[in-house]
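S.K.: Compact mmCIF, C-alpha atoms, saved as input_37.txt, coming up:
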```
# COMPACT_ATOMS: atom_id res chain seq x y z
CA MET C 1 71.19 94.93 102.88
CA SER C 2 69.88 95.43 106.41
CA VAL C 3 67.79 98.54 107.01
CA ALA C 4 68.36 98.11 110.76
CA ASP C 5 72.15 98.13 110.23
CA LEU C 6 72.02 101.37 108.30
CA ASP C 7 69.53 103.05 110.61
CA TRP C 8 71.81 102.29 113.57
CA ALA C 9 74.91 103.57 111.76
CA PHE C 10 73.37 106.86 110.65
CA THR C 11 71.97 107.44 114.13
CA ASN C 12 75.09 106.61 116.15
CA ILE C 13 78.23 107.30 114.11
CA PRO C 14 79.28 110.97 114.44
CA LEU C 15 80.80 111.14 110.94
CA LEU C 16 77.39 110.23 109.51
CA ALA C 17 75.53 112.89 111.52
CA GLY C 18 73.40 115.07 109.27
CA TYR C 19 73.21 112.39 106.57
CA THR C 20 70.64 109.75 105.76
CA PRO C 21 71.13 106.54 103.78
CA GLN C 22 69.52 108.32 100.82
CA ASP C 23 72.53 110.66 100.68
CA PHE C 24 74.82 107.76 99.67
CA THR C 25 75.07 105.04 97.12
CA ILE C 26 75.26 101.98 99.37
CA ALA C 27 76.54 98.61 98.18
CA PRO C 28 77.03 95.44 100.25
CA LEU C 29 80.60 94.08 100.33
CA PRO C 30 81.67 90.47 100.93
CA GLY C 31 82.80 89.25 104.34
CA TYR C 32 82.61 86.13 106.49
CA THR C 33 82.70 87.64 109.97
CA ASN C 34 81.21 91.06 109.28
CA ARG C 35 78.43 92.80 107.39
CA ASN C 36 80.21 95.34 105.21
CA TYR C 37 78.85 98.22 103.15
CA ARG C 38 80.43 100.76 100.84
CA LEU C 39 78.97 104.24 101.34
CA SER C 40 79.81 106.68 98.57
CA ASN C 41 78.71 110.11 97.40
CA PRO C 42 80.54 113.01 95.68
CA ASP C 43 82.21 114.00 98.98
CA HIS C 44 82.90 110.71 100.75
CA ASP C 45 83.78 107.09 100.05
CA TRP C 46 83.72 104.89 103.15
CA VAL C 47 83.50 101.25 104.21
CA LEU C 48 81.12 100.56 107.10
CA ARG C 49 81.87 97.33 108.98
CA LEU C 50 79.40 95.79 111.42
CA PRO C 51 80.65 92.59 113.11
CA ARG C 52 78.40 89.56 113.29
CA ALA C 53 77.48 88.47 116.80
CA ALA C 54 79.22 85.07 116.40
CA THR C 55 82.61 86.76 116.19
CA ASP C 56 82.43 87.85 119.82
CA ARG C 57 83.67 84.39 120.81
CA PHE C 58 86.89 84.77 118.86
CA ILE C 59 87.95 88.42 118.67
CA ASP C 60 89.42 90.80 121.26
CA ARG C 61 88.23 94.15 119.89
CA ALA C 62 90.54 96.24 122.09
CA ALA C 63 93.52 94.23 120.83
CA GLU C 64 92.29 94.63 117.25
CA ALA C 65 92.14 98.42 117.62
CA HIS C 66 95.63 98.55 119.11
CA ASN C 67 97.16 96.28 116.47
CA GLN C 68 95.43 97.96 113.53
CA THR C 69 96.64 101.36 114.71
CA LEU C 70 100.23 100.08 114.79
CA ALA C 71 99.78 98.58 111.32
CA HIS C 72 98.49 101.92 110.03
CA GLU C 73 101.47 103.73 111.54
CA LEU C 74 103.70 101.24 109.74
CA GLY C 75 101.99 102.16 106.46
CA LEU C 76 100.33 98.78 105.92
CA ALA C 77 96.69 99.50 106.76
CA PRO C 78 94.25 102.33 106.06
CA GLN C 79 93.38 104.55 109.01
CA VAL C 80 90.14 103.76 110.79
CA LEU C 81 88.18 107.02 111.02
CA TRP C 82 85.77 105.85 113.71
CA ARG C 83 85.27 102.70 115.77
CA ASP C 84 83.43 101.62 118.89
CA ALA C 85 84.15 98.97 121.49
CA SER C 86 82.05 96.35 119.68
CA GLY C 87 84.22 96.56 116.54
CA ILE C 88 81.96 98.70 114.34
CA THR C 89 84.23 100.79 112.10
CA LEU C 90 84.13 103.42 109.40
CA THR C 91 87.19 103.42 107.13
CA PRO C 92 88.09 105.21 103.87
CA THR C 93 87.62 103.09 100.77
CA LEU C 94 90.82 102.24 98.89
CA ARG C 95 89.75 103.56 95.50
CA GLN C 96 90.87 101.80 92.33
CA SER C 97 91.99 98.78 94.33
CA ARG C 98 91.45 95.09 93.65
CA SER C 99 91.84 91.99 95.75
CA LEU C 100 94.92 89.88 95.30
CA ARG C 101 94.42 86.88 93.00
CA ALA C 102 96.00 83.45 92.93
CA ALA C 103 97.44 84.20 89.48
CA ASP C 104 99.40 87.13 90.94
CA PHE C 105 101.78 84.70 92.65
CA ASP C 106 103.07 83.60 89.24
CA ASP C 107 103.87 87.18 88.21
CA GLU C 108 107.56 87.79 88.88
CA THR C 109 106.95 91.55 89.04
CA LEU C 110 104.23 91.18 91.68
CA LEU C 111 105.86 88.63 93.99
CA PRO C 112 108.20 91.21 95.61
CA LEU C 113 105.18 93.51 96.03
CA ILE C 114 103.31 90.70 97.80
CA VAL C 115 106.05 89.80 100.27
CA GLU C 116 107.22 93.35 101.06
CA PRO C 117 104.38 94.21 103.48
CA LEU C 118 104.92 90.92 105.30
CA GLN C 119 108.65 91.51 105.55
CA ARG C 120 107.99 95.01 106.87
CA LEU C 121 105.43 93.78 109.41
CA HIS C 122 107.34 90.72 110.59
CA ARG C 123 110.67 92.56 110.84
CA SER C 124 109.23 95.70 112.43
CA GLY C 125 109.79 94.66 116.04
CA LEU C 126 106.22 95.73 116.85
CA GLU C 127 104.60 94.09 119.85
CA PHE C 128 101.01 93.23 118.97
CA ARG C 129 98.49 92.37 121.65
CA GLY C 130 97.49 88.71 121.68
CA ARG C 131 99.76 85.70 121.93
CA ASP C 132 97.83 82.45 121.52
CA PRO C 133 99.71 79.34 120.38
CA LEU C 134 98.13 77.72 117.34
CA GLY C 135 97.76 74.41 119.15
CA GLU C 136 95.75 76.02 121.94
CA LEU C 137 93.53 77.92 119.52
CA LEU C 138 92.94 74.81 117.46
CA SER C 139 91.95 72.83 120.55
CA GLN C 140 89.62 75.61 121.71
CA HIS C 141 87.86 75.80 118.35
CA TYR C 142 87.60 72.01 118.15
CA GLU C 143 86.03 71.78 121.61
CA LEU C 144 83.42 74.40 120.64
CA LEU C 145 82.16 72.20 117.80
CA ASP C 146 79.08 70.08 118.35
CA ALA C 147 79.50 66.35 118.91
CA ALA C 148 78.90 65.39 115.27
CA GLU C 149 81.48 67.86 113.99
CA ARG C 150 84.05 66.77 116.57
CA LEU C 151 83.57 63.19 115.41
CA ARG C 152 84.01 64.26 111.78
CA TYR C 153 87.19 66.24 112.49
CA GLY C 154 88.56 63.76 115.05
CA PRO C 155 91.10 61.95 112.81
CA ARG C 156 92.44 65.24 111.47
CA MET C 157 92.72 66.60 114.99
CA GLN C 158 94.72 63.58 116.10
CA GLN C 159 97.11 64.07 113.19
CA ALA C 160 97.36 67.77 114.03
CA GLN C 161 98.40 66.95 117.59
CA ARG C 162 101.23 64.79 116.26
CA VAL C 163 102.41 67.57 113.96
CA LEU C 164 102.21 70.14 116.76
CA SER C 165 104.39 67.96 118.99
CA LEU C 166 107.06 67.91 116.27
CA LEU C 167 106.85 71.70 115.91
CA ASP C 168 107.55 72.20 119.61
CA SER C 169 111.26 72.30 118.79
CA ASP C 170 110.88 75.13 116.24
CA GLU C 171 112.66 78.19 117.63
CA THR C 172 111.50 80.73 115.04
CA PRO C 173 110.77 83.97 116.97
CA TRP C 174 107.18 85.15 117.05
CA VAL C 175 106.45 88.40 115.24
CA ALA C 176 103.59 90.85 114.76
CA SER C 177 101.26 88.97 112.40
CA HIS C 178 97.98 89.52 110.59
CA ARG C 179 96.80 85.87 110.80
CA ASP C 180 93.94 86.24 108.29
CA LEU C 181 95.55 86.83 104.91
CA VAL C 182 92.66 85.80 102.71
CA MET C 183 92.71 87.30 99.22
CA GLY C 184 89.94 89.77 100.08
CA ASN C 185 92.11 91.28 102.84
CA LEU C 186 94.96 92.04 100.43
CA LEU C 187 94.27 95.00 98.15
CA LEU C 188 96.49 96.07 95.27
CA THR C 189 96.41 99.74 94.35
CA ASN C 190 98.88 102.16 92.81
CA GLY C 191 101.79 99.74 92.88
CA ARG C 192 101.45 98.72 96.52
CA LEU C 193 99.69 96.12 98.63
CA TRP C 194 97.44 97.18 101.50
CA ILE C 195 96.31 94.80 104.24
CA ILE C 196 92.85 95.30 105.75
CA ASP C 197 90.75 93.66 108.52
CA TRP C 198 93.16 93.20 111.42
CA GLU C 199 90.62 91.43 113.65
CA TYR C 200 92.79 88.37 114.26
CA ALA C 201 96.18 90.12 114.36
CA ALA C 202 98.48 89.02 117.17
CA MET C 203 101.98 87.79 117.86
CA ALA C 204 102.61 84.52 116.00
CA SER C 205 105.16 82.54 114.06
CA PRO C 206 105.85 84.13 110.66
CA TYR C 207 104.92 80.76 109.17
CA TRP C 208 101.29 81.51 110.09
CA ASP C 209 100.91 84.39 107.60
CA LEU C 210 102.93 82.64 104.91
CA ALA C 211 100.96 79.39 105.25
CA THR C 212 97.65 81.26 105.12
CA LEU C 213 98.73 82.96 101.91
CA CYS C 214 99.74 79.62 100.40
CA ASN C 215 96.43 78.02 101.37
CA GLU C 216 94.24 80.90 100.25
CA ALA C 217 95.98 81.17 96.88
CA GLY C 218 96.05 77.39 96.45
CA LEU C 219 99.80 77.42 95.80
CA ASP C 220 101.50 74.20 94.79
CA LEU C 221 104.87 73.11 96.16
CA GLN C 222 106.90 75.04 93.57
CA GLN C 223 104.86 78.21 94.02
CA SER C 224 105.06 78.08 97.81
CA ARG C 225 108.83 77.56 97.55
CA ARG C 226 109.14 80.70 95.40
CA LEU C 227 107.04 82.66 97.88
CA LEU C 228 109.17 81.50 100.81
CA HIS C 229 112.42 82.31 99.05
CA ALA C 230 111.19 85.77 98.08
CA TYR C 231 110.05 86.42 101.65
CA CYS C 232 113.39 85.28 103.13
CA ALA C 233 115.46 87.59 100.90
CA ASP C 234 117.80 89.60 103.13
CA GLY C 235 116.33 87.89 106.20
CA PRO C 236 116.70 84.68 108.17
CA ALA C 237 116.26 81.35 106.40
CA MET C 238 113.07 79.36 106.97
CA LYS C 239 112.15 75.73 106.35
CA GLU C 240 109.81 74.49 103.65
CA SER C 241 108.88 71.51 105.82
CA ILE C 242 107.59 73.76 108.61
CA LEU C 243 105.65 75.87 106.13
CA PHE C 244 104.05 72.65 104.84
CA ASP C 245 103.11 71.62 108.39
CA TYR C 246 101.57 75.02 109.11
CA ARG C 247 99.53 74.78 105.93
CA GLY C 248 97.91 71.57 107.14
CA LEU C 249 97.29 72.86 110.65
CA LEU C 250 95.77 76.11 109.43
CA LYS C 251 93.54 74.30 106.95
CA LEU C 252 92.06 72.34 109.85
CA PHE C 253 91.84 75.49 111.97
CA THR C 254 89.97 77.33 109.20
CA ASP C 255 87.59 74.41 108.66
CA CYS C 256 86.75 74.32 112.38
CA TRP C 257 86.26 78.10 112.41
CA MET C 258 83.95 77.99 109.38
CA SER C 259 81.90 75.22 110.97
CA LEU C 260 81.48 77.32 114.13
CA LEU C 261 80.34 80.36 112.16
CA ALA C 262 77.77 78.20 110.37
CA GLU C 263 76.19 77.00 113.64
```
Could you write out this structure as structure tokens?

M.R.:
Amino acid sequence: MSVADLDWAFTNIPLLAGYTPQDFTIAPLPGYTNRNYRLSNPDHDWVLRLPRAATDRFIDRAAEAHNQTLAHELGLAPQVLWRDASGITLTPTLRQSRSLRAADFDDETLLPLIVEPLQRLHRSGLEFRGRDPLGELLSQHYELLDAAERLRYGPRMQQAQRVLSLLDSDETPWVASHRDLVMGNLLLTNGRLWIIDWEYAAMASPYWDLATLCNEAGLDLQQSRRLLHAYCADGPAMKESILFDYRGLLKLFTDCWMSLLAE
């Protein structure tokens, strides 16, 4: 836990005015791109998020604020109580919540609960800020790698380019998307699923969110087929082959991103 982080927060965030760190029980929370803390006392229960400097290369904070606000209005995300232009936020804690688990995808009672927020988001007609094709983002992240990493990822990148050329003919409309559906960003509480951390939200193919879910939960072919069929209920049909292709592309994208954060 960083004393400097907390000193800054209690000095600069208006909602924390009049308090000191000693007035809260403070616990670090997990996170790749941010330093996160839970601040709780008898009157308040908040999550403080402080972005790591490396994320400045990848995240448009004004777009994040816009998209998260729309997601909150849609009932998918908690309301951010305070934020600044650098992405520091203070948000209410979702009490009695837990992160989604891979085993939840085999629970027939939970699968509709998992896909419902995605259906609502993707079918909302919302226009999120940000519209970067996956191929362009993948190339940008690859070029940012050092020479040794580019050499290591080179064969996978060549295969990705071939897959992307085949996907050029896919006419699936882009939709408002979260684009970072790791298990820790999906919180179950009181019979509903909340989605948090909208840093990478933008317009994208709906396959992006579905493929990320499949990858993060480690779903096999049968499980991913069930997820896709549940998601498509009462909506347009989608192709398992394209979902499979997106899974491979996003695995490479995530690996490049993790390598950049580790530099």

S.K.: Choose the residue, out of C:Cys256, C:Val175, C:Leu227, C:Ala262, that has the smallest atom-to-atom separation from Leu110 of chain C; count only C-alpha atoms.

M.R.: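 Ranking C:Cys256, C:Val175, C:Leu227, C:Ala262 by distance to Leu110 of chain C, first place goes to C:Leu227.
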
S.K.: So what do you get for atom CA of Ser97 of chain C versus atom CA of Trp46 of chain C, distance-wise?

M.R.: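 Distance between the two atoms: 13.5 Å.
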
S.K.: Which one of C:Arg247, C:His66, C:His44, C:His229 sits closest to Arg95 of chain C if you count all atoms listed in the file?

M.R.: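 Of the candidates, the smallest distance to Arg95 of chain C is held by C:His44.
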
S.K.: Under the rule that only C-alpha atoms are counted, which of C:Glu149, C:Leu164, C:Asp197, C:Leu188 is the nearest residue to Asn36 of chain C?

M.R.: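 Using only C-alpha atoms, Asn36 of chain C sits closest to C:Asp197.
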
S.K.: Could you list, as a list of chain:residue names, every residue within 12 Å of Gly31 of chain C, counting all atoms listed in the file and ignoring same-chain residues fewer than 5 positions away?

M.R.: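 Final neighbour list, sorted by chain and number: C:Asn36, C:Tyr37, C:Leu48, C:Arg49, C:Leu50, C:Pro51, C:Arg52, C:Val182, C:Met183, C:Gly184, C:Asn185, C:Ile196, C:Asp197.
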
S.K.: May I ask for the distance between atom CA of Leu210 of chain C and atom CA of Ser224 of chain C, given in Å to one decimal place?

M.R.: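 Separation of atom CA of Leu210 of chain C and atom CA of Ser224 of chain C: 8.7 Å.
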
S.K.: Can you work out the spacing between atom CA of Ala85 of chain C and atom CA of Asp5 of chain C in Å, to one decimal?

M.R.: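 Separating atom CA of Ala85 of chain C from atom CA of Asp5 of chain C is a distance of 16.5 Å.
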
S.K.: I'd like to know which of C:Asp107, C:Glu64, C:Asp234, C:Asp245 is closest to Ala202 of chain C, using only C-alpha atoms.

M.R.: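 Using only C-alpha atoms, the shortest distance to Ala202 of chain C belongs to C:Glu64.
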
S.K.: Write out as a ChimeraX atom specification which residues come within 12 Å of Ile195 of chain C when counting only C-alpha atoms, dropping same-chain ones fewer than 4 positions away.

M.R.: /C:68,71-72,74-79,94,97-100,114-118,120-121,177-189,199,201,209

S.K.: Excluding Gln22 of chain C and residues on its chain fewer than 6 positions from it, collect all residues at most 12 Å away from it, counting only C-alpha atoms, and give them as a ChimeraX atom specification.

M.R.: /C:3,6-7,10,16,39-41

S.K.: Give me, as a PDB file with C-alpha atoms, in the frame of the given file, all polymer residues having an atom no more than 12 Å from Ser2 of chain C, counting only C-alpha atoms and skipping those fewer than 6 positions away in the same chain.

M.R.:
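This went into out-v8.pdb:
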```
ATOM      1  CA  TRP C   8      71.810 102.290 113.570  1.00  0.00           C
ATOM      2  CA  ALA C   9      74.910 103.570 111.760  1.00  0.00           C
ATOM      3  CA  PRO C  21      71.130 106.540 103.780  1.00  0.00           C
ATOM      4  CA  ILE C  26      75.260 101.980  99.370  1.00  0.00           C
ATOM      5  CA  ALA C  27      76.540  98.610  98.180  1.00  0.00           C
ATOM      6  CA  PRO C  28      77.030  95.440 100.250  1.00  0.00           C
ATOM      7  CA  ARG C  35      78.430  92.800 107.390  1.00  0.00           C
ATOM      8  CA  ASN C  36      80.210  95.340 105.210  1.00  0.00           C
ATOM      9  CA  TYR C  37      78.850  98.220 103.150  1.00  0.00           C
ATOM     10  CA  LEU C  50      79.400  95.790 111.420  1.00  0.00           C
TER      11      LEU C  50
END
```

S.K.: Just want the 10 Å neighbourhood of Leu145 of chain C, counted on only C-alpha atoms, with same-chain residues fewer than 5 positions away dropped. Output as a PyMOL selection string.

M.R.: chain C and resi 140+150-151+153+256-257+259-260+263

S.K.: Is it possible to get the axis-aligned box enclosing segment 222-239 of chain C (all listed atoms, 5 Å extra per side) as lines of an AutoDock Vina configuration file, with centre and edge lengths in Å rounded to one decimal?

M.R.:
```
center_x = 111.3
center_y = 82.3
center_z = 100.9
size_x = 22.9
size_y = 24.6
size_z = 24.6
```

S.K.: So which residues are close to (108.2, 74.2, 115.7), meaning at most 10 Å away in the file's coordinates with all atoms listed in the file counted, and can you show them as a short mmCIF file (atom, residue, chain, number, x, y, z; two decimals) with C-alpha atoms, in the coordinates of the input?

M.R.:
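Result saved to part-v9.cif:
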```
data_model
loop_
_atom_site.label_atom_id
_atom_site.label_comp_id
_atom_site.auth_asym_id
_atom_site.auth_seq_id
_atom_site.Cartn_x
_atom_site.Cartn_y
_atom_site.Cartn_z
CA VAL C 163 102.41 67.57 113.96
CA LEU C 164 102.21 70.14 116.76
CA SER C 165 104.39 67.96 118.99
CA LEU C 166 107.06 67.91 116.27
CA LEU C 167 106.85 71.70 115.91
CA ASP C 168 107.55 72.20 119.61
CA SER C 169 111.26 72.30 118.79
CA ASP C 170 110.88 75.13 116.24
CA GLU C 171 112.66 78.19 117.63
CA THR C 172 111.50 80.73 115.04
CA SER C 205 105.16 82.54 114.06
CA TYR C 207 104.92 80.76 109.17
CA ILE C 242 107.59 73.76 108.61
CA ASP C 245 103.11 71.62 108.39
CA TYR C 246 101.57 75.02 109.11
#
```

S.K.: Taking all atoms listed in the file into account, name the residue in C:Gly125, C:Leu81, C:Asp104, C:Leu252 that is nearest to Gln158 of chain C.

M.R.: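 Using all atoms listed in the file, the shortest distance to Gln158 of chain C belongs to C:Leu252.
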